[in-house]
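What follows is entry21.cif (mmCIF, C-alpha atoms and all ligand atoms).
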data_coords
loop_
_atom_site.label_atom_id
_atom_site.label_comp_id
_atom_site.auth_asym_id
_atom_site.auth_seq_id
_atom_site.Cartn_x
_atom_site.Cartn_y
_atom_site.Cartn_z
CA MET A 1 71.61 57.40 66.15
CA THR A 2 70.03 59.90 68.51
CA PRO A 3 71.04 58.90 72.05
CA PRO A 4 67.90 57.48 73.65
CA PRO A 5 66.71 58.20 77.17
CA LYS A 6 68.06 55.45 79.43
CA GLN A 7 64.63 54.32 80.60
CA ALA A 8 61.09 54.66 79.38
CA SER A 9 59.72 57.71 81.15
CA PRO A 10 57.06 57.12 83.78
CA VAL A 11 54.51 55.46 81.68
CA LYS A 12 51.91 53.28 83.25
CA THR A 13 51.11 50.71 85.83
CA ARG A 14 49.69 47.61 84.28
CA THR A 15 48.11 44.48 85.62
CA PRO A 16 49.36 41.86 83.14
CA SER A 17 48.37 39.48 82.93
CA PRO A 18 46.27 26.61 51.42
CA THR A 19 42.92 23.37 48.94
CA ASN A 20 45.78 25.59 49.84
CA ASP A 21 44.33 28.45 47.93
CA ALA A 22 46.72 31.06 49.28
CA GLY A 23 47.21 32.30 45.75
CA ALA A 24 43.78 33.87 45.87
CA ALA A 25 45.00 36.62 48.12
CA GLY A 26 48.19 37.56 46.41
CA LEU A 27 50.81 34.86 47.03
CA THR A 28 52.59 33.64 43.93
CA SER A 29 53.70 30.02 43.63
CA GLU A 30 57.25 31.32 44.01
CA ASP A 31 56.27 32.97 47.30
CA GLN A 32 55.09 29.62 48.59
CA GLU A 33 58.13 27.59 47.60
CA THR A 34 59.79 27.70 51.00
CA GLN A 35 56.66 27.14 53.06
CA THR A 36 56.26 24.13 55.30
CA ILE A 37 52.73 24.77 56.42
CA SER A 38 51.42 22.96 59.50
CA SER A 39 49.02 20.06 58.95
CA GLU A 40 45.32 20.23 58.14
CA ILE A 41 43.00 21.31 60.98
CA GLU A 42 39.87 19.22 61.64
CA PRO A 43 36.70 21.34 61.84
CA ASP A 44 34.31 20.98 64.77
CA GLU A 45 31.05 19.91 63.08
CA SER A 46 29.08 20.14 66.33
CA ILE A 47 29.30 23.89 66.82
CA SER A 48 26.43 26.31 66.61
CA ASP A 49 26.86 30.00 65.94
CA GLU A 50 26.55 31.02 69.58
CA GLY A 51 29.16 31.20 72.30
CA TYR A 52 32.57 32.15 71.07
CA ALA A 53 31.19 34.37 68.37
CA GLU A 54 30.02 36.83 71.00
CA SER A 55 33.34 36.90 72.87
CA THR A 56 35.23 40.14 73.08
CA SER A 57 38.85 40.82 73.84
CA THR A 58 37.86 42.09 77.27
CA SER A 59 36.94 38.52 78.26
CA TYR A 60 40.55 37.50 77.84
CA VAL A 61 42.75 40.40 78.66
CA SER A 62 43.09 42.15 81.97
CA SER A 63 42.34 45.84 81.79
CA ILE A 64 45.28 48.19 81.65
CA ALA A 65 45.24 51.14 84.02
CA SER A 66 45.33 54.49 82.36
CA ASP A 67 48.39 56.58 83.12
CA VAL A 68 50.66 59.17 81.63
CA ARG A 69 52.25 58.40 78.27
CA ARG A 70 54.14 60.50 75.80
CA GLY A 71 52.87 60.81 72.26
CA ILE A 72 50.87 62.76 69.71
CA GLU A 73 47.10 62.83 69.98
CA GLU A 74 45.10 62.67 66.78
CA ASN A 75 41.42 61.91 66.28
CA GLY A 76 41.15 60.64 69.84
CA ARG A 77 44.05 58.17 69.47
CA LEU A 78 47.63 58.48 70.75
CA TYR A 79 50.64 57.92 68.46
CA ALA A 80 54.36 57.59 69.31
CA ALA A 81 56.32 60.80 68.96
CA TYR A 82 59.74 59.14 68.51
CA GLY A 83 61.21 57.46 65.44
CA LYS A 84 62.18 58.28 61.87
CA HIS A 85 58.80 57.47 60.30
CA LYS A 86 55.32 58.68 61.12
CA PRO A 87 53.67 55.75 62.92
CA TRP A 88 50.29 54.51 61.71
CA VAL A 89 49.59 52.23 64.67
CA PRO A 90 48.47 54.00 67.86
CA VAL A 91 50.18 53.47 71.24
CA ASP A 92 47.28 54.03 73.63
CA ASP A 93 45.39 51.78 76.06
CA ALA A 94 43.29 50.19 73.34
CA GLU A 95 46.41 49.31 71.34
CA MET A 96 48.22 47.97 74.42
CA ASP A 97 45.16 45.80 75.13
CA ARG A 98 45.37 44.53 71.57
CA ASN A 99 49.10 43.88 72.00
CA ASP A 100 48.61 41.82 75.19
CA PHE A 101 45.68 39.97 73.69
CA GLN A 102 47.76 39.07 70.65
CA HIS A 103 50.54 37.86 72.97
CA CYS A 104 48.13 35.32 74.51
CA LYS A 105 47.14 34.14 71.03
CA PHE A 106 50.71 33.77 69.78
CA THR A 107 51.87 32.00 72.96
CA LEU A 108 49.04 29.50 72.58
CA LEU A 109 49.92 29.07 68.91
CA LEU A 110 53.49 28.17 69.94
CA ASN A 111 52.14 25.59 72.44
CA ASN A 112 52.74 27.84 75.43
CA GLU A 113 56.27 28.73 74.34
CA LEU A 114 57.57 32.28 73.94
CA HIS A 115 59.76 31.37 70.95
CA LEU A 116 60.78 28.39 68.85
CA ALA A 117 64.55 28.99 68.60
CA PRO A 118 66.41 26.39 70.72
CA ILE A 119 68.31 28.94 72.81
CA LYS A 120 70.86 27.70 75.34
CA GLN A 121 70.05 27.09 78.99
CA GLY A 122 70.77 30.05 81.28
CA PRO A 123 71.00 32.87 78.72
CA HIS A 124 72.64 36.09 79.94
CA LYS A 125 71.33 38.80 77.66
CA ILE A 126 68.18 38.95 75.49
CA LEU A 127 66.90 41.76 73.24
CA ASP A 128 63.26 42.21 72.21
CA LEU A 129 62.90 44.44 69.13
CA GLY A 130 59.75 46.62 68.90
CA THR A 131 58.65 45.35 72.30
CA GLY A 132 55.29 47.21 72.33
CA SER A 133 53.56 46.73 75.71
CA GLY A 134 56.64 44.73 76.78
CA ILE A 135 54.62 41.66 77.68
CA TRP A 136 56.93 39.23 75.84
CA ALA A 137 60.03 40.74 77.49
CA ILE A 138 58.39 40.57 80.93
CA ASP A 139 57.39 36.93 80.44
CA MET A 140 60.94 36.14 79.28
CA GLY A 141 62.31 37.90 82.36
CA ASP A 142 60.12 35.72 84.59
CA LYS A 143 61.18 32.59 82.73
CA HIS A 144 64.91 33.38 82.75
CA PRO A 145 65.68 35.13 86.04
CA SER A 146 69.41 34.89 85.31
CA ALA A 147 69.10 36.87 82.08
CA GLU A 148 69.04 40.62 81.50
CA ILE A 149 66.15 41.37 79.11
CA ILE A 150 66.08 44.62 77.13
CA GLY A 151 62.92 45.63 75.29
CA VAL A 152 63.33 48.45 72.75
CA ASP A 153 60.60 50.49 71.08
CA THR A 154 60.02 53.94 69.62
CA ALA A 155 57.05 54.36 71.96
CA ALA A 156 57.27 54.78 75.75
CA VAL A 157 54.29 52.59 76.55
CA GLN A 158 55.83 49.93 78.75
CA PRO A 159 54.95 49.48 82.44
CA ASN A 160 57.30 50.81 85.11
CA ILE A 161 56.69 48.03 87.61
CA LEU A 162 58.93 45.32 86.28
CA PRO A 163 60.84 42.20 87.16
CA PRO A 164 64.34 43.38 88.24
CA ASN A 165 65.99 41.78 85.20
CA VAL A 166 63.83 43.60 82.59
CA GLN A 167 64.42 47.10 81.25
CA PHE A 168 63.01 49.14 78.40
CA GLU A 169 64.75 51.58 76.07
CA ILE A 170 63.29 54.09 73.66
CA ASP A 171 65.03 53.87 70.32
CA ASP A 172 64.47 53.36 66.61
CA ILE A 173 65.69 49.88 65.64
CA GLU A 174 66.11 51.03 62.04
CA SER A 175 68.88 53.42 63.11
CA ASP A 176 72.47 52.34 63.77
CA TRP A 177 72.56 50.18 66.88
CA LEU A 178 74.72 51.16 69.84
CA TYR A 179 74.72 47.65 71.32
CA ARG A 180 78.16 46.11 71.63
CA GLU A 181 79.11 43.46 69.11
CA SER A 182 78.63 39.86 70.27
CA SER A 183 76.65 40.85 73.36
CA PHE A 184 73.29 39.00 73.14
CA ASP A 185 72.38 35.32 73.46
CA PHE A 186 69.00 35.84 71.80
CA ILE A 187 67.40 38.61 69.73
CA HIS A 188 63.67 38.42 69.09
CA GLY A 189 61.24 40.46 66.98
CA ARG A 190 57.51 39.69 66.72
CA GLU A 191 54.78 41.39 64.66
CA LEU A 192 57.02 44.06 63.15
CA VAL A 193 55.68 43.64 59.61
CA LEU A 194 54.57 47.00 58.15
CA SER A 195 56.94 48.66 60.63
CA ILE A 196 60.35 47.79 59.20
CA ARG A 197 61.51 49.23 55.86
CA ASN A 198 64.94 47.64 55.65
CA TRP A 199 64.81 44.02 56.85
CA PRO A 200 68.27 42.99 55.55
CA ARG A 201 69.83 45.76 57.63
CA LEU A 202 67.91 44.72 60.75
CA VAL A 203 69.03 41.12 60.19
CA GLN A 204 72.67 42.23 59.76
CA GLN A 205 72.60 44.41 62.88
CA SER A 206 71.14 41.47 64.82
CA PHE A 207 73.84 39.14 63.47
CA ARG A 208 76.54 41.52 64.65
CA ALA A 209 75.02 42.07 68.11
CA LEU A 210 74.59 38.33 68.76
CA LYS A 211 77.23 36.24 70.49
CA PRO A 212 78.61 33.47 68.28
CA GLY A 213 76.14 30.58 68.77
CA GLY A 214 73.34 33.00 69.70
CA TYR A 215 69.91 32.88 68.03
CA PHE A 216 67.80 35.43 66.14
CA GLU A 217 64.04 34.87 65.72
CA LEU A 218 61.47 36.81 63.71
CA SER A 219 57.77 36.04 63.69
CA GLY A 220 54.73 37.67 62.16
CA SER A 221 51.36 37.20 60.53
CA LEU A 222 50.64 37.02 56.82
CA PRO A 223 46.94 37.84 56.26
CA VAL A 224 46.44 35.54 53.31
CA ILE A 225 43.14 33.80 53.88
CA SER A 226 42.97 30.16 52.84
CA SER A 227 41.10 26.94 53.55
CA ASP A 228 42.01 23.29 53.12
CA ASP A 229 38.49 22.16 52.19
CA GLY A 230 37.43 24.83 49.69
CA THR A 231 35.03 26.53 52.14
CA HIS A 232 36.53 29.99 51.76
CA ILE A 233 34.70 32.50 49.59
CA PRO A 234 36.90 33.95 46.84
CA ASN A 235 36.84 37.74 46.35
CA SER A 236 35.56 38.23 49.88
CA ALA A 237 35.59 41.48 51.85
CA PHE A 238 38.22 39.85 54.07
CA GLU A 239 40.45 39.43 51.03
CA GLU A 240 39.86 43.06 50.10
CA MET A 241 40.94 44.02 53.64
CA ALA A 242 44.07 41.91 53.20
CA GLN A 243 44.78 43.73 49.95
CA VAL A 244 44.38 47.07 51.77
CA TYR A 245 47.00 45.82 54.25
CA PHE A 246 49.43 44.88 51.47
CA ASP A 247 48.78 48.17 49.62
CA MET A 248 49.46 50.19 52.77
CA GLY A 249 52.73 48.34 53.28
CA ASP A 250 53.79 48.95 49.67
CA ARG A 251 52.90 52.64 49.94
CA ILE A 252 55.03 53.20 53.06
CA GLY A 253 57.88 51.00 51.81
CA ALA A 254 57.38 48.30 54.48
CA SER A 255 56.11 45.22 52.68
CA GLY A 256 53.29 43.20 54.25
CA LYS A 257 54.83 40.13 52.63
CA ALA A 258 58.15 40.55 54.47
CA PRO A 259 57.88 37.16 56.27
CA LEU A 260 58.25 35.42 52.90
CA SER A 261 61.80 36.81 52.59
CA TRP A 262 63.09 36.30 56.13
CA LYS A 263 64.54 32.82 55.61
CA THR A 264 66.62 33.94 52.61
CA GLN A 265 67.65 37.15 54.37
CA LEU A 266 68.91 35.25 57.41
CA GLU A 267 70.84 32.82 55.22
CA GLU A 268 72.34 35.67 53.19
CA ALA A 269 73.43 37.46 56.38
CA GLY A 270 75.41 34.36 57.41
CA PHE A 271 73.05 32.70 59.87
CA GLU A 272 73.22 28.90 60.13
CA ASN A 273 70.59 26.30 60.99
CA VAL A 274 67.88 28.60 59.63
CA VAL A 275 64.39 27.18 60.18
CA GLU A 276 61.09 28.52 58.80
CA LYS A 277 57.82 27.34 60.34
CA VAL A 278 54.46 28.39 58.95
CA LEU A 279 51.57 27.98 61.38
CA LYS A 280 47.84 28.33 60.73
CA ILE A 281 45.69 30.77 62.69
CA PRO A 282 42.00 29.82 62.31
CA THR A 283 39.89 32.92 61.63
CA ASN A 284 37.16 31.84 64.11
CA PRO A 285 36.55 28.92 66.52
CA TRP A 286 35.74 26.45 63.73
CA PRO A 287 38.38 23.81 64.60
CA LYS A 288 37.55 20.75 66.71
CA ASP A 289 40.82 20.72 68.62
CA PRO A 290 40.33 22.79 71.83
CA ARG A 291 43.65 24.67 71.52
CA MET A 292 43.03 25.59 67.88
CA LYS A 293 39.42 26.50 68.75
CA LYS A 294 40.67 28.91 71.39
CA ILE A 295 43.21 30.42 68.99
CA GLY A 296 40.34 30.89 66.52
CA ALA A 297 38.30 32.62 69.23
CA PHE A 298 41.21 34.97 69.94
CA GLU A 299 41.62 35.69 66.24
CA LEU A 300 37.92 36.40 65.71
CA SER A 301 37.83 38.72 68.68
CA HIS A 302 41.01 40.43 67.48
CA PHE A 303 39.54 40.95 64.02
CA ARG A 304 36.22 42.24 65.33
CA ASP A 305 37.44 44.42 68.18
CA GLY A 306 41.08 45.24 67.53
CA ILE A 307 41.83 45.51 63.87
CA SER A 308 39.92 48.66 62.99
CA ASN A 309 42.33 50.54 65.31
CA ILE A 310 45.27 49.67 63.16
CA PHE A 311 43.58 50.05 59.79
CA ALA A 312 41.63 53.27 60.24
CA ARG A 313 44.52 55.73 60.11
CA GLY A 314 46.36 53.78 57.44
CA TYR A 315 43.37 53.47 55.12
CA THR A 316 42.50 57.14 55.16
CA GLN A 317 45.94 58.77 55.58
CA ILE A 318 48.21 56.38 53.72
CA LEU A 319 45.92 55.24 50.93
CA GLY A 320 43.66 58.32 50.88
CA GLY A 321 40.64 56.02 51.15
CA ASP A 322 37.04 57.01 51.90
CA PRO A 323 36.29 56.46 55.63
CA LEU A 324 32.68 55.51 54.89
CA TYR A 325 33.73 52.87 52.36
CA PHE A 326 36.18 51.56 54.97
CA GLU A 327 33.41 51.23 57.58
CA ILE A 328 31.25 49.26 55.14
CA LEU A 329 34.15 47.04 54.10
CA MET A 330 35.00 46.35 57.75
CA ALA A 331 31.38 45.47 58.55
CA ARG A 332 31.22 43.04 55.60
CA ALA A 333 34.55 41.46 56.49
CA LYS A 334 33.52 41.06 60.15
CA ALA A 335 30.33 39.26 59.13
CA GLU A 336 32.21 36.95 56.73
CA VAL A 337 34.91 36.09 59.19
CA SER A 338 32.40 35.09 61.86
CA ASN A 339 30.92 32.39 59.62
CA ARG A 340 32.02 29.04 61.06
CA ARG A 341 31.09 27.17 57.94
CA MET A 342 34.14 28.83 56.40
CA HIS A 343 37.11 26.79 57.65
CA THR A 344 39.54 29.57 56.92
CA TYR A 345 42.89 30.49 58.39
CA LEU A 346 45.69 32.97 57.95
CA LEU A 347 49.40 32.28 58.29
CA PHE A 348 51.95 33.00 61.02
CA TYR A 349 55.63 32.78 60.10
CA VAL A 350 58.37 31.94 62.57
CA VAL A 351 61.92 32.08 61.21
CA TYR A 352 65.03 31.61 63.33
CA GLY A 353 68.75 31.10 62.78
CA GLN A 354 72.01 30.81 64.69
CA ARG A 355 75.09 32.99 64.42
CA PRO A 356 77.94 30.58 63.60
CA LEU A 357 80.51 29.97 66.32
CA GLU A 358 83.29 31.10 63.97
CA ALA A 359 81.39 34.08 62.50
CA GLN A 360 83.17 37.09 60.99
CA VAL A 361 81.34 40.42 60.69
C1 LIG A 401 52.44 45.33 66.55
S1 LIG A 401 53.48 45.90 67.84
C2 LIG A 401 54.27 44.39 68.37
C3 LIG A 401 54.74 44.46 69.79
C4 LIG A 401 55.51 43.24 70.30
N1 LIG A 401 56.64 42.91 69.46
C5 LIG A 401 54.64 42.02 70.47
O1 LIG A 401 54.57 41.17 69.59
O2 LIG A 401 53.99 41.92 71.54
C6 LIG A 401 54.79 46.71 66.91
C7 LIG A 401 55.69 47.55 67.82
O3 LIG A 401 56.87 47.89 67.09
C8 LIG A 401 57.21 49.23 67.42
N2 LIG A 401 58.06 49.76 66.34
C9 LIG A 401 57.69 49.98 65.04
N3 LIG A 401 58.74 50.47 64.34
C10 LIG A 401 59.78 50.56 65.22
C11 LIG A 401 61.12 51.01 65.09
N4 LIG A 401 61.60 51.45 63.92
N5 LIG A 401 61.92 50.98 66.19
C12 LIG A 401 61.45 50.53 67.38
N6 LIG A 401 60.17 50.09 67.56
C13 LIG A 401 59.35 50.11 66.49
C14 LIG A 401 55.88 49.93 67.56
O4 LIG A 401 55.99 51.12 68.32
C15 LIG A 401 55.05 48.84 68.24
O5 LIG A 401 55.12 48.96 69.64
#
Represent the structure of the file as structure tokens.
Amino acid sequence: MTPPPKQASPVKTRTPSPTNDAGAAGLTSEDQETQTISSEIEPDESISDEGYAESTSTSYVSSIASDVRRGIEENGRLYAAYGKHKPWVPVDDAEMDRNDFQHCKFTLLLNNELHLAPIKQGPHKILDLGTGSGIWAIDMGDKHPSAEIIGVDTAAVQPNILPPNVQFEIDDIESDWLYRESSFDFIHGRELVLSIRNWPRLVQQSFRALKPGGYFELSGSLPVISSDDGTHIPNSAFEEMAQVYFDMGDRIGASGKAPLSWKTQLEEAGFENVVEKVLKIPTNPWPKDPRMKKIGAFELSHFRDGISNIFARGYTQILGGDPLYFEILMARAKAEVSNRRMHTYLLFYVVYGQRPLEAQV
């Protein structure tokens, strides 16, 4: 592995903050065998189409001060310059906003927790894979002052004003790891789907770097749109967008359906007590429950304001698609997804496991 710089270079100052009809969007019945999907969500019948529908991400996320970052500029967006593969997700202010906004959504989805793995009290060393804006690592540092938290990413986009127990490293997590064997209490990776080509290898490297008894947790979204009451429109523009996502993943060799394999991969690597939880993310604020309604508002805002960033380059450069067709498809999907009579949701997978106390590597 190329020796990484010890610390992210001066980067920025930031003020943080399926009728289960999943099959319709590409899941086979085999895919769904291991799913334990969270219970049905009650729709809020009293809502009108005002209010949340007009929310934007800026209502929820503090602005991020612009500063110097390394990277490659292309079509007005900034992309990471480090790593084996050409990145298709930008690493600029807009993307860091999206990252922090998503962090709020996922934390709410986990009932204000940063992870689901039952890690031990007073952990000493924690690793966050593909840390992005570093917001998860920083929150973990605040929560566990006794622990050293390392966030690693190919892009130097993390803030340089940090809790003393948090540090960032620039490295490619698909290369050979230099971390000592049995050195971490917890290794975490969130929203790395369509980034990682070789999941079994990442799982094995995590197994090796964990202390016996330590936990590994992966989490990520699966954009398979479903509803429990048959209100979702089949063959929608949203479903076509989801197919674009899966096609892009297949083309670059990083499957969009990776979360479906994590449980088996952890078990095959030797992890014990492997748990898979599948949570529902409402696509707009249609649920009655206030927490789920807020998650839906986050998701709608993310889809409307954030998602085109991550699809635009991929659709044209990876799939060779027509930018005009993409614009029209996005506009149709945005209109569909804002319709609160559609009680639709996508899925968020959380899979964790424990390295056995007697593990051999
Ligand atoms: C969608 S962001 C998720 C950020 C963060 N995990 C979170 O949930 O807040 C994906 C991040 O993974 C990073 N990444 C992708 N491939 C990587 C690799 N091979 N090695 C290190 N980081 C990688 C990207 O640069 C990006 O910051």
Separation of CA of Ile149 in chain A from CA of Lys125 in chain A in Å: 6.0 Å
Around ligand LIG 401 (chain A), which protein and nucleic acid residues have at least one atom no more than 7 Å from it, if we count all atoms listed in the file? List them as a compact mmCIF listing (two decimals) with C-alpha atoms, in the frame of the given file.
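Writing done, so here's selection01.txt:
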# COMPACT_ATOMS: atom_id res chain seq x y z
CA ALA A 80 54.36 57.59 69.31
CA GLY A 83 61.21 57.46 65.44
CA VAL A 91 50.18 53.47 71.24
CA ASN A 99 49.10 43.88 72.00
CA ASP A 100 48.61 41.82 75.19
CA GLN A 102 47.76 39.07 70.65
CA HIS A 103 50.54 37.86 72.97
CA LEU A 129 62.90 44.44 69.13
CA GLY A 130 59.75 46.62 68.90
CA THR A 131 58.65 45.35 72.30
CA GLY A 132 55.29 47.21 72.33
CA SER A 133 53.56 46.73 75.71
CA GLY A 134 56.64 44.73 76.78
CA ILE A 135 54.62 41.66 77.68
CA TRP A 136 56.93 39.23 75.84
CA VAL A 152 63.33 48.45 72.75
CA ASP A 153 60.60 50.49 71.08
CA THR A 154 60.02 53.94 69.62
CA ALA A 155 57.05 54.36 71.96
CA ASP A 171 65.03 53.87 70.32
CA ASP A 172 64.47 53.36 66.61
CA ILE A 173 65.69 49.88 65.64
CA GLU A 174 66.11 51.03 62.04
CA GLY A 189 61.24 40.46 66.98
CA ARG A 190 57.51 39.69 66.72
CA GLU A 191 54.78 41.39 64.66
CA LEU A 192 57.02 44.06 63.15
CA SER A 195 56.94 48.66 60.63
CA ILE A 196 60.35 47.79 59.20
Any chance you could tabulate, as JSON lines, the residues of range 163-252 of chain A at most 12 Å from range 323-330 of chain A with each one's nearest atom pair and distance in Å to one decimal, using only C-alpha atoms, in chain and rising number order?
{"residue": "A:Ser236", "atom": "CA", "partner": "A:Leu329", "partner_atom": "CA", "distance": 9.9}
{"residue": "A:Ala237", "atom": "CA", "partner": "A:Leu329", "partner_atom": "CA", "distance": 6.2}
{"residue": "A:Phe238", "atom": "CA", "partner": "A:Met330", "partner_atom": "CA", "distance": 8.1}
{"residue": "A:Glu239", "atom": "CA", "partner": "A:Leu329", "partner_atom": "CA", "distance": 10.3}
{"residue": "A:Glu240", "atom": "CA", "partner": "A:Leu329", "partner_atom": "CA", "distance": 8.0}
{"residue": "A:Met241", "atom": "CA", "partner": "A:Leu329", "partner_atom": "CA", "distance": 7.4}
{"residue": "A:Ala242", "atom": "CA", "partner": "A:Met330", "partner_atom": "CA", "distance": 11.1}
{"residue": "A:Gln243", "atom": "CA", "partner": "A:Leu329", "partner_atom": "CA", "distance": 11.9}
{"residue": "A:Val244", "atom": "CA", "partner": "A:Phe326", "partner_atom": "CA", "distance": 9.9}
Save the residues we just selected, C-alpha atoms, as an mmCIF file, keeping the file's coordinate frame?
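Listing of out37.cif after writing:
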data_model
loop_
_atom_site.group_PDB
_atom_site.id
_atom_site.type_symbol
_atom_site.label_atom_id
_atom_site.label_comp_id
_atom_site.auth_asym_id
_atom_site.auth_seq_id
_atom_site.Cartn_x
_atom_site.Cartn_y
_atom_site.Cartn_z
ATOM 1 C CA SER A 236 35.560 38.230 49.880
ATOM 2 C CA ALA A 237 35.590 41.480 51.850
ATOM 3 C CA PHE A 238 38.220 39.850 54.070
ATOM 4 C CA GLU A 239 40.450 39.430 51.030
ATOM 5 C CA GLU A 240 39.860 43.060 50.100
ATOM 6 C CA MET A 241 40.940 44.020 53.640
ATOM 7 C CA ALA A 242 44.070 41.910 53.200
ATOM 8 C CA GLN A 243 44.780 43.730 49.950
ATOM 9 C CA VAL A 244 44.380 47.070 51.770
#
Residues within 12 Å of Leu114 in chain A, only C-alpha atoms, excluding chain neighbours under 2 positions, as number ranges by chain: A: 103-112, 116-119, 128, 135-144, 188-190, 217-219, 350
Å distance separating CA of Asp185 in chain A from CA of Asp97 in chain A, one decimal place: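 It comes out at 29.2 Å.
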For CA of Glu276 in chain A and CA of Pro223 in chain A, the interatomic separation in Å (one decimal):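 Spanning CA of Glu276 in chain A to CA of Pro223 in chain A is a straight-line distance of 17.1 Å.
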